[in-house]
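The next block is data.txt, given as compact mmCIF, C-alpha atoms.
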# COMPACT_ATOMS: atom_id res chain seq x y z
CA MET A 1 7.41 -2.80 -3.58
CA ARG A 2 5.33 -4.56 -1.00
CA ARG A 3 7.63 -6.45 1.40
CA ASN A 4 6.90 -9.89 2.82
CA GLY A 5 4.91 -9.89 6.03
CA LEU A 6 5.47 -11.73 9.28
CA ASN A 7 4.21 -15.26 9.80
CA ILE A 8 0.57 -14.82 10.73
CA LEU A 9 -1.77 -17.44 12.08
CA ILE A 10 -4.26 -18.24 9.37
CA GLY A 11 -7.69 -17.14 10.44
CA LEU A 12 -11.05 -16.10 9.15
CA VAL A 13 -12.24 -12.75 10.41
CA ALA A 14 -15.83 -11.73 9.77
CA LEU A 15 -16.38 -7.99 9.44
CA SER A 16 -20.08 -8.19 10.22
CA ALA A 17 -19.89 -5.01 12.28
CA LEU A 18 -18.78 -3.09 9.20
CA ALA A 19 -21.34 -4.25 6.67
CA THR A 20 -24.79 -5.76 6.58
CA ALA A 21 -25.15 -9.18 5.04
CA ALA A 22 -27.56 -9.55 2.16
CA PRO A 23 -29.18 -12.58 0.59
CA ALA A 24 -27.16 -14.45 -2.00
CA GLY A 25 -27.53 -12.85 -5.40
CA ALA A 26 -28.18 -9.31 -4.10
CA GLY A 27 -26.71 -6.82 -6.54
CA ALA A 28 -26.01 -9.70 -8.93
CA GLU A 29 -26.53 -7.45 -11.96
CA THR A 30 -23.29 -5.59 -11.20
CA ALA A 31 -21.40 -7.92 -8.86
CA PRO A 32 -18.65 -10.28 -10.03
CA SER A 33 -19.38 -13.99 -9.96
CA PHE A 34 -17.28 -14.68 -6.88
CA VAL A 35 -19.66 -12.81 -4.55
CA SER A 36 -22.70 -14.88 -5.52
CA GLY A 37 -22.66 -16.66 -2.16
CA GLY A 38 -23.61 -13.48 -0.33
CA LYS A 39 -20.09 -12.73 0.91
CA LEU A 40 -16.80 -11.26 -0.28
CA LEU A 41 -13.86 -13.34 0.96
CA VAL A 42 -10.54 -11.45 0.76
CA CYS A 43 -6.98 -12.53 1.61
CA LEU A 44 -4.56 -10.05 3.15
CA ASP A 45 -1.45 -9.83 5.33
CA PRO A 46 -2.13 -7.35 8.18
CA THR A 47 1.46 -6.20 8.65
CA PHE A 48 1.65 -3.19 6.32
CA PRO A 49 0.27 -0.01 7.93
CA PRO A 50 -1.65 2.02 6.96
CA MET A 51 -2.85 -0.37 4.25
CA GLU A 52 -3.66 -3.18 6.70
CA TYR A 53 -2.49 -3.90 10.24
CA MET A 54 -3.55 -4.95 13.73
CA GLU A 55 -3.89 -1.96 16.05
CA ASN A 56 -2.53 -3.91 19.02
CA ALA A 57 -1.70 -7.42 20.22
CA ASP A 58 -5.26 -7.96 21.42
CA ALA A 59 -6.92 -6.97 18.14
CA ASN A 60 -8.96 -9.71 16.46
CA GLN A 61 -9.50 -7.97 13.12
CA PRO A 62 -7.31 -5.76 10.95
CA VAL A 63 -7.85 -2.10 10.16
CA GLY A 64 -6.45 0.13 7.44
CA PHE A 65 -7.01 1.62 4.02
CA ASP A 66 -7.41 -1.75 2.31
CA VAL A 67 -9.85 -2.98 4.96
CA ASP A 68 -12.01 0.08 4.32
CA VAL A 69 -11.81 -0.55 0.57
CA ILE A 70 -12.89 -4.17 1.09
CA THR A 71 -15.83 -2.99 3.18
CA ALA A 72 -16.80 -0.44 0.53
CA LEU A 73 -16.68 -3.03 -2.25
CA ALA A 74 -18.81 -5.41 -0.19
CA GLU A 75 -21.37 -2.69 0.41
CA THR A 76 -21.39 -1.85 -3.30
CA TRP A 77 -22.14 -5.48 -4.09
CA LYS A 78 -24.51 -5.84 -1.10
CA VAL A 79 -22.63 -8.74 0.44
CA GLU A 80 -20.79 -9.42 3.69
CA PRO A 81 -17.01 -8.84 3.79
CA GLN A 82 -14.81 -11.51 5.34
CA ILE A 83 -11.03 -11.58 5.64
CA VAL A 84 -8.50 -14.40 5.65
CA THR A 85 -5.14 -13.37 7.16
CA LEU A 86 -1.99 -14.95 5.72
CA ASP A 87 1.69 -14.23 5.26
CA PHE A 88 2.12 -12.05 2.16
CA SER A 89 3.92 -14.77 0.20
CA GLY A 90 0.91 -17.06 0.62
CA LEU A 91 -1.77 -14.63 -0.58
CA LEU A 92 -1.75 -15.29 -4.33
CA PRO A 93 -1.39 -19.07 -3.87
CA ALA A 94 -4.44 -18.95 -1.58
CA LEU A 95 -6.34 -16.96 -4.21
CA ASP A 96 -5.36 -19.50 -6.85
CA ALA A 97 -6.52 -22.33 -4.57
CA LYS A 98 -9.90 -20.57 -4.14
CA ARG A 99 -9.41 -20.06 -0.42
CA CYS A 100 -10.46 -16.46 -1.05
CA ASP A 101 -12.17 -14.49 -3.81
CA MET A 102 -9.81 -11.53 -3.98
CA MET A 103 -6.41 -10.45 -2.72
CA ILE A 104 -6.24 -6.82 -1.57
CA SER A 105 -3.11 -6.29 0.50
CA GLY A 106 -0.85 -3.44 -0.56
CA ALA A 107 0.20 -5.43 -3.63
CA THR A 108 1.34 -3.42 -6.62
CA LEU A 109 0.21 -4.10 -10.19
CA LYS A 110 2.91 -6.28 -11.74
CA PRO A 111 3.02 -7.86 -15.24
CA GLU A 112 4.16 -11.19 -13.80
CA ARG A 113 1.14 -11.29 -11.49
CA LEU A 114 -1.20 -10.44 -14.36
CA GLU A 115 -0.02 -13.55 -16.18
CA SER A 116 -1.99 -15.66 -13.70
CA PHE A 117 -4.58 -13.27 -12.25
CA ASN A 118 -6.68 -10.27 -13.18
CA GLY A 119 -5.97 -7.02 -11.37
CA VAL A 120 -7.71 -3.67 -11.01
CA PRO A 121 -5.80 -0.66 -9.62
CA TYR A 122 -7.39 1.35 -6.82
CA LEU A 123 -4.56 3.58 -5.50
CA LYS A 124 -1.25 4.99 -6.72
CA THR A 125 1.87 4.78 -4.59
CA GLY A 126 5.46 5.94 -4.85
CA SER A 127 8.65 6.66 -2.98
CA VAL A 128 9.22 9.87 -1.06
CA VAL A 129 12.05 11.43 0.90
CA VAL A 130 10.86 12.69 4.28
CA GLY A 131 12.60 15.29 6.37
CA ARG A 132 11.94 17.00 9.67
CA SER A 133 9.08 19.47 9.64
CA ASP A 134 11.59 22.32 10.06
CA ALA A 135 13.81 21.15 7.18
CA ASP A 136 15.02 23.74 4.69
CA GLY A 137 15.85 23.31 1.04
CA ALA A 138 14.02 22.39 -2.14
CA PHE A 139 14.63 19.06 -3.86
CA SER A 140 13.26 18.26 -7.30
CA SER A 141 15.28 15.09 -7.91
CA TYR A 142 17.46 12.54 -6.12
CA GLU A 143 20.47 14.28 -7.68
CA ASP A 144 19.63 17.38 -5.62
CA PHE A 145 20.74 15.44 -2.52
CA SER A 146 24.33 15.49 -3.82
CA GLY A 147 26.68 15.87 -0.83
CA LYS A 148 23.87 15.24 1.66
CA THR A 149 22.99 12.20 3.75
CA LEU A 150 19.97 9.97 3.20
CA SER A 151 18.80 6.94 5.18
CA TYR A 152 16.82 3.95 3.94
CA GLN A 153 15.91 0.41 4.93
CA SER A 154 18.62 -2.12 4.15
CA GLY A 155 17.71 -4.67 1.50
CA SER A 156 15.10 -2.37 -0.03
CA ILE A 157 14.83 -1.15 -3.62
CA TYR A 158 16.20 2.18 -2.41
CA GLU A 159 19.74 0.76 -2.33
CA LYS A 160 19.73 0.42 -6.11
CA ILE A 161 18.00 3.76 -6.63
CA VAL A 162 20.66 5.64 -4.68
CA ALA A 163 23.50 3.56 -6.15
CA ASP A 164 22.37 4.49 -9.67
CA VAL A 165 22.09 8.17 -8.71
CA ASN A 166 25.55 8.12 -7.14
CA ALA A 167 27.02 6.55 -10.26
CA ALA A 168 25.57 9.39 -12.33
CA LEU A 169 26.80 12.01 -9.86
CA LYS A 170 30.28 10.53 -9.89
CA THR A 171 30.37 10.57 -13.68
CA ALA A 172 29.32 14.22 -13.59
CA GLY A 173 32.07 15.03 -11.10
CA LYS A 174 29.64 15.89 -8.35
CA ALA A 175 29.59 14.84 -4.70
CA GLU A 176 27.79 11.57 -4.11
CA ILE A 177 24.95 11.06 -1.66
CA ASP A 178 26.13 9.73 1.69
CA VAL A 179 23.90 6.79 2.64
CA GLN A 180 22.96 5.16 5.93
CA ALA A 181 21.11 1.84 5.82
CA TYR A 182 19.10 0.51 8.76
CA PRO A 183 17.28 -2.79 9.33
CA LYS A 184 13.91 -1.24 10.17
CA GLY A 185 11.82 1.55 8.74
CA THR A 186 11.40 2.99 12.23
CA ASP A 187 15.20 3.34 12.45
CA VAL A 188 15.23 5.26 9.18
CA VAL A 189 12.72 7.79 10.46
CA GLN A 190 14.43 8.04 13.85
CA GLN A 191 17.64 9.25 12.18
CA VAL A 192 15.63 11.93 10.41
CA LEU A 193 14.02 13.11 13.64
CA LEU A 194 17.40 13.20 15.37
CA GLY A 195 18.77 15.41 12.59
CA ARG A 196 21.50 12.94 11.66
CA VAL A 197 20.38 12.74 8.03
CA THR A 198 18.80 15.18 5.61
CA GLY A 199 16.03 12.76 4.77
CA GLY A 200 14.82 9.19 4.81
CA ILE A 201 13.48 7.33 1.79
CA THR A 202 10.20 5.47 2.29
CA LEU A 203 6.80 4.86 0.64
CA ASP A 204 4.24 7.65 0.59
CA SER A 205 1.71 5.35 2.29
CA GLU A 206 4.15 4.61 5.12
CA PHE A 207 4.74 8.34 5.58
CA ALA A 208 0.97 8.83 5.72
CA PHE A 209 0.75 6.32 8.56
CA ARG A 210 3.55 8.00 10.53
CA ASP A 211 1.93 11.39 10.00
CA LEU A 212 -1.36 9.96 11.21
CA GLN A 213 0.30 8.66 14.37
CA LYS A 214 2.38 11.79 15.09
CA PRO A 215 1.17 14.69 12.95
CA GLY A 216 3.59 17.42 12.02
CA GLU A 217 6.87 15.71 12.96
CA LEU A 218 7.87 15.00 9.37
CA LYS A 219 7.21 16.39 5.91
CA VAL A 220 7.80 15.22 2.36
CA ILE A 221 10.79 17.05 0.87
CA PHE A 222 10.87 15.09 -2.41
CA SER A 223 8.40 12.84 -4.23
CA ASP A 224 9.65 10.36 -6.80
CA PRO A 225 7.63 11.02 -10.00
CA ASN A 226 7.73 7.31 -10.88
CA LYS A 227 4.54 5.81 -9.47
CA GLU A 228 3.11 2.33 -9.11
CA GLN A 229 -0.45 1.21 -8.44
CA TYR A 230 -1.89 -0.94 -5.69
CA ALA A 231 -4.28 -3.46 -7.24
CA ALA A 232 -7.08 -5.81 -6.24
CA TYR A 233 -6.32 -9.27 -7.64
CA PHE A 234 -8.81 -12.01 -8.51
CA ARG A 235 -8.97 -15.10 -10.72
CA LYS A 236 -9.22 -14.71 -14.49
CA GLU A 237 -12.40 -16.68 -14.97
CA PRO A 238 -15.06 -15.74 -15.80
CA ALA A 239 -13.78 -12.88 -17.96
CA SER A 240 -16.82 -10.74 -17.05
CA ASP A 241 -15.49 -10.30 -13.49
CA GLN A 242 -12.88 -7.83 -14.75
CA ALA A 243 -15.53 -5.36 -15.93
CA ALA A 244 -17.54 -5.81 -12.74
CA VAL A 245 -14.59 -4.98 -10.48
CA GLU A 246 -13.54 -2.06 -12.68
CA ALA A 247 -17.10 -0.68 -12.48
CA ALA A 248 -17.16 -1.02 -8.69
CA VAL A 249 -13.85 0.86 -8.30
CA ALA A 250 -15.08 3.56 -10.69
CA GLU A 251 -18.24 3.87 -8.56
CA LEU A 252 -16.18 4.29 -5.38
CA VAL A 253 -14.24 7.07 -7.10
CA SER A 254 -17.24 8.89 -8.60
CA SER A 255 -19.20 8.74 -5.34
CA GLY A 256 -16.30 10.19 -3.36
CA ARG A 257 -16.11 7.09 -1.15
CA LEU A 258 -12.52 6.26 -2.12
CA LYS A 259 -11.47 9.87 -1.55
CA ALA A 260 -13.02 9.83 1.91
CA ILE A 261 -11.17 6.60 2.77
CA ALA A 262 -7.91 8.16 1.58
CA GLU A 263 -8.48 11.23 3.74
CA THR A 264 -9.12 9.01 6.78
CA TRP A 265 -5.67 7.46 6.39
CA ARG A 266 -3.87 10.67 5.33
CA ILE A 267 -3.25 9.33 1.82
CA PRO A 268 -2.46 12.23 -0.59
CA ALA A 269 -5.33 13.18 -2.90
CA ASP A 270 -3.17 12.74 -6.01
CA ALA A 271 -2.83 9.03 -5.17
CA LEU A 272 -6.26 8.68 -6.80
CA ASP A 273 -5.37 10.49 -10.03
CA GLY A 274 -6.35 8.32 -12.98
CA ILE A 275 -7.95 5.65 -10.80
CA GLY A 276 -11.34 4.35 -11.96
CA GLN A 277 -11.03 5.84 -15.45

Give the structure from this file in C-alpha cells form.
Amino acid sequence: MRRNGLNILIGLVALSALATAAPAGAGAETAPSFVSGGKLLVCLDPTFPPMEYMENADANQPVGFDVDVITALAETWKVEPQIVTLDFSGLLPALDAKRCDMMISGATLKPERLESFNGVPYLKTGSVVVGRSDADGAFSSYEDFSGKTLSYQSGSIYEKIVADVNAALKTAGKAEIDVQAYPKGTDVVQQVLLGRVTGGITLDSEFAFRDLQKPGELKVIFSDPNKEQYAAYFRKEPASDQAAVEAAVAELVSSGRLKAIAETWRIPADALDGIGQ
C-alpha cells in the first residue's frame, strides 16, 4: 500500500542527538549481526507522514513514527542510529547492496518481498473512511455507503475496492456509490471538509497525521477490517538475525515503548494488536 516517494537526494543523516553511541559489540548477546559495528544504518524515504517525513524545507533529518522506532531499536541494541534517505523504489535494492542494514519505511509485509529479505512486523495498518467531525450515520461496511459519495486518490487501490463494491451493489439492485477521484490525498480530505462528499478513503496512518496537524476536524466513520502490517526488512543471512529482531520488537511492545511512540503520532492503540507475539 505504500506509494512511491519523491526523488530524494541520497544522504546520510546521523541521529546522534537521539541516541548515545556505544562501543562496537555492546549488547551483542541480543543484537543482530548487522549492528556489530556500533551503529544501526537504516534506509527510508522521508515522504510518507506520519511514518517518516521532513518537517519543512530546511529540515536536515526526518521525523516520524518509523524514525522513533529506529531510535528505539538502536537504544535496545546500544548502538547509534543512522539514516540513509532514498526514493522508495530504491530502498530494497540499497538493502540488498548492503548500503544499509535495515529498511524501515512504511513498507507493508509482502510475500514477494519475503522471497529475498527477512521481515518483522511492528505495526498494523488499514484503510479507513474519514468524514467531518459532525458527520452523522453509522457505517459497518463499504456497502453501507450505497447511494452516497466517496472520494479517494486516483490511481490508488481504492479504485478497485469501490469498483468491486459497486459491482456487488448493482447485482443486488442497490444504488451504487458515487465516486470522486483526485490526484492528491489533500484534495480528497478537502472535499470531505467542504461537505461535498460523505467520506474520503485513506490509510489510518495518514488520518492520524492529519488529526495530529488539525485535531478534531475529521473522524473515522468506517474502518476496513482487512489489515496489513508494516515491517522492518533486513537481509536473510545470518538466519539468527530474524530471532534477534523479533525479540527487540517484542521488548519494545512489552516495555510500552512502542505504545508510547504510537500515542505520540496519534496511531490507534489497536494498530499494535498481535505485534511482538

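The smallest atom-to-atom distance between Thr202 of chain A and any of A:Gly131, A:Gly37, A:Pro32, A:Pro111, using all atoms listed in the file, is found for A:Gly131.
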
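Near Lys184 of chain A, within 7 Å and counting all atoms listed in the file, sit Gln153, Asp187 and Val188 of chain A, not including residues fewer than 3 positions from it in the same chain.
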
Which one of A:Glu217, A:Ser154, A:Glu246, A:Ser146 sits closest to Ala167 of chain A if you count all atoms listed in the file?
A:Ser146

Which neighbours of Glu228 of chain A fall inside 10 Å, counting all atoms listed in the file, when residues of the same chain fewer than 4 positions from it are skipped, and could you give them as a PyMOL selection string?
chain A and resi 1+107-110+121+123-127+271

Restricting the output to C-alpha atoms, write the selected residues as a short mmCIF file (atom, residue, chain, number, x, y, z; two decimals), in the frame of the given file.
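So the final result, stored in selection17.cif, reads:
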data_model
loop_
_atom_site.label_atom_id
_atom_site.label_comp_id
_atom_site.auth_asym_id
_atom_site.auth_seq_id
_atom_site.Cartn_x
_atom_site.Cartn_y
_atom_site.Cartn_z
CA MET A 1 7.41 -2.80 -3.58
CA ALA A 107 0.20 -5.43 -3.63
CA THR A 108 1.34 -3.42 -6.62
CA LEU A 109 0.21 -4.10 -10.19
CA LYS A 110 2.91 -6.28 -11.74
CA PRO A 121 -5.80 -0.66 -9.62
CA LEU A 123 -4.56 3.58 -5.50
CA LYS A 124 -1.25 4.99 -6.72
CA THR A 125 1.87 4.78 -4.59
CA GLY A 126 5.46 5.94 -4.85
CA SER A 127 8.65 6.66 -2.98
CA ALA A 271 -2.83 9.03 -5.17
#

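The coordinates place atom CA of Gly274 of chain A at 24.7 Å from atom CA of Ile201 of chain A.
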
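Atom CA of Phe234 of chain A is positioned 5.8 Å from atom CA of Phe117 of chain A.
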
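Across the structure, atom CA of Val162 of chain A and atom CA of Ser223 of chain A are spaced 14.2 Å apart.
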
Please, which residues are within 12 Å of (13.9, 7.0, 12.2) by the file's coordinates, counting all atoms listed in the file, and could they come as number ranges by chain?
A: 130-132, 150-153, 180-202, 207, 210, 217-218

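Take the candidates A:Leu114, A:Val63, A:Leu92, A:Met102 and check each one against Asp241 of chain A using only C-alpha atoms; the shortest distance goes to A:Met102.
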
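Considering the residues A:Asn118, A:Ser133, A:Thr149, A:Thr171 and counting all atoms listed in the file, Pro238 of chain A has its shortest atom-to-atom contact with A:Asn118.
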
Within-12 Å shell of (-7.0, 7.4, 8.4) in input frame, only C-alpha atoms, as a PyMOL selection string
chain A and resi 49-52+63-68+205-206+208-213+215+258-268

Go ahead and write the selection's residues with C-alpha atoms as a JSON list (two decimals), keeping the file's coordinate frame.
[["chain", "number", "residue", "atom", "x", "y", "z"],
["A", 49, "PRO", "CA", 0.27, -0.01, 7.93],
["A", 50, "PRO", "CA", -1.65, 2.02, 6.96],
["A", 51, "MET", "CA", -2.85, -0.37, 4.25],
["A", 52, "GLU", "CA", -3.66, -3.18, 6.70],
["A", 63, "VAL", "CA", -7.85, -2.10, 10.16],
["A", 64, "GLY", "CA", -6.45, 0.13, 7.44],
["A", 65, "PHE", "CA", -7.01, 1.62, 4.02],
["A", 66, "ASP", "CA", -7.41, -1.75, 2.31],
["A", 67, "VAL", "CA", -9.85, -2.98, 4.96],
["A", 68, "ASP", "CA", -12.01, 0.08, 4.32],
["A", 205, "SER", "CA", 1.71, 5.35, 2.29],
["A", 206, "GLU", "CA", 4.15, 4.61, 5.12],
["A", 208, "ALA", "CA", 0.97, 8.83, 5.72],
["A", 209, "PHE", "CA", 0.75, 6.32, 8.56],
["A", 210, "ARG", "CA", 3.55, 8.00, 10.53],
["A", 211, "ASP", "CA", 1.93, 11.39, 10.00],
["A", 212, "LEU", "CA", -1.36, 9.96, 11.21],
["A", 213, "GLN", "CA", 0.30, 8.66, 14.37],
["A", 215, "PRO", "CA", 1.17, 14.69, 12.95],
["A", 258, "LEU", "CA", -12.52, 6.26, -2.12],
["A", 259, "LYS", "CA", -11.47, 9.87, -1.55],
["A", 260, "ALA", "CA", -13.02, 9.83, 1.91],
["A", 261, "ILE", "CA", -11.17, 6.60, 2.77],
["A", 262, "ALA", "CA", -7.91, 8.16, 1.58],
["A", 263, "GLU", "CA", -8.48, 11.23, 3.74],
["A", 264, "THR", "CA", -9.12, 9.01, 6.78],
["A", 265, "TRP", "CA", -5.67, 7.46, 6.39],
["A", 266, "ARG", "CA", -3.87, 10.67, 5.33],
["A", 267, "ILE", "CA", -3.25, 9.33, 1.82],
["A", 268, "PRO", "CA", -2.46, 12.23, -0.59]]

For Tyr230 of chain A, which residue among A:Ser255, A:Ser105, A:Ser140, A:Ser156 is the nearest when counting all atoms listed in the file?
A:Ser105

Counting only C-alpha atoms, which residue out of A:Ala135, A:Val42, A:Ala59, A:Ala74 sits closest to Arg99 of chain A?
A:Val42

Show me, as AutoDock Vina command-line options, the centre and edge lengths in Å to one decimal of the axis-aligned box that covers every listed atom of segment 191-198 of chain A with 5 Å on each side.
--center_x 17.8 --center_y 12.3 --center_z 10.5 --size_x 17.5 --size_y 16.2 --size_z 19.8
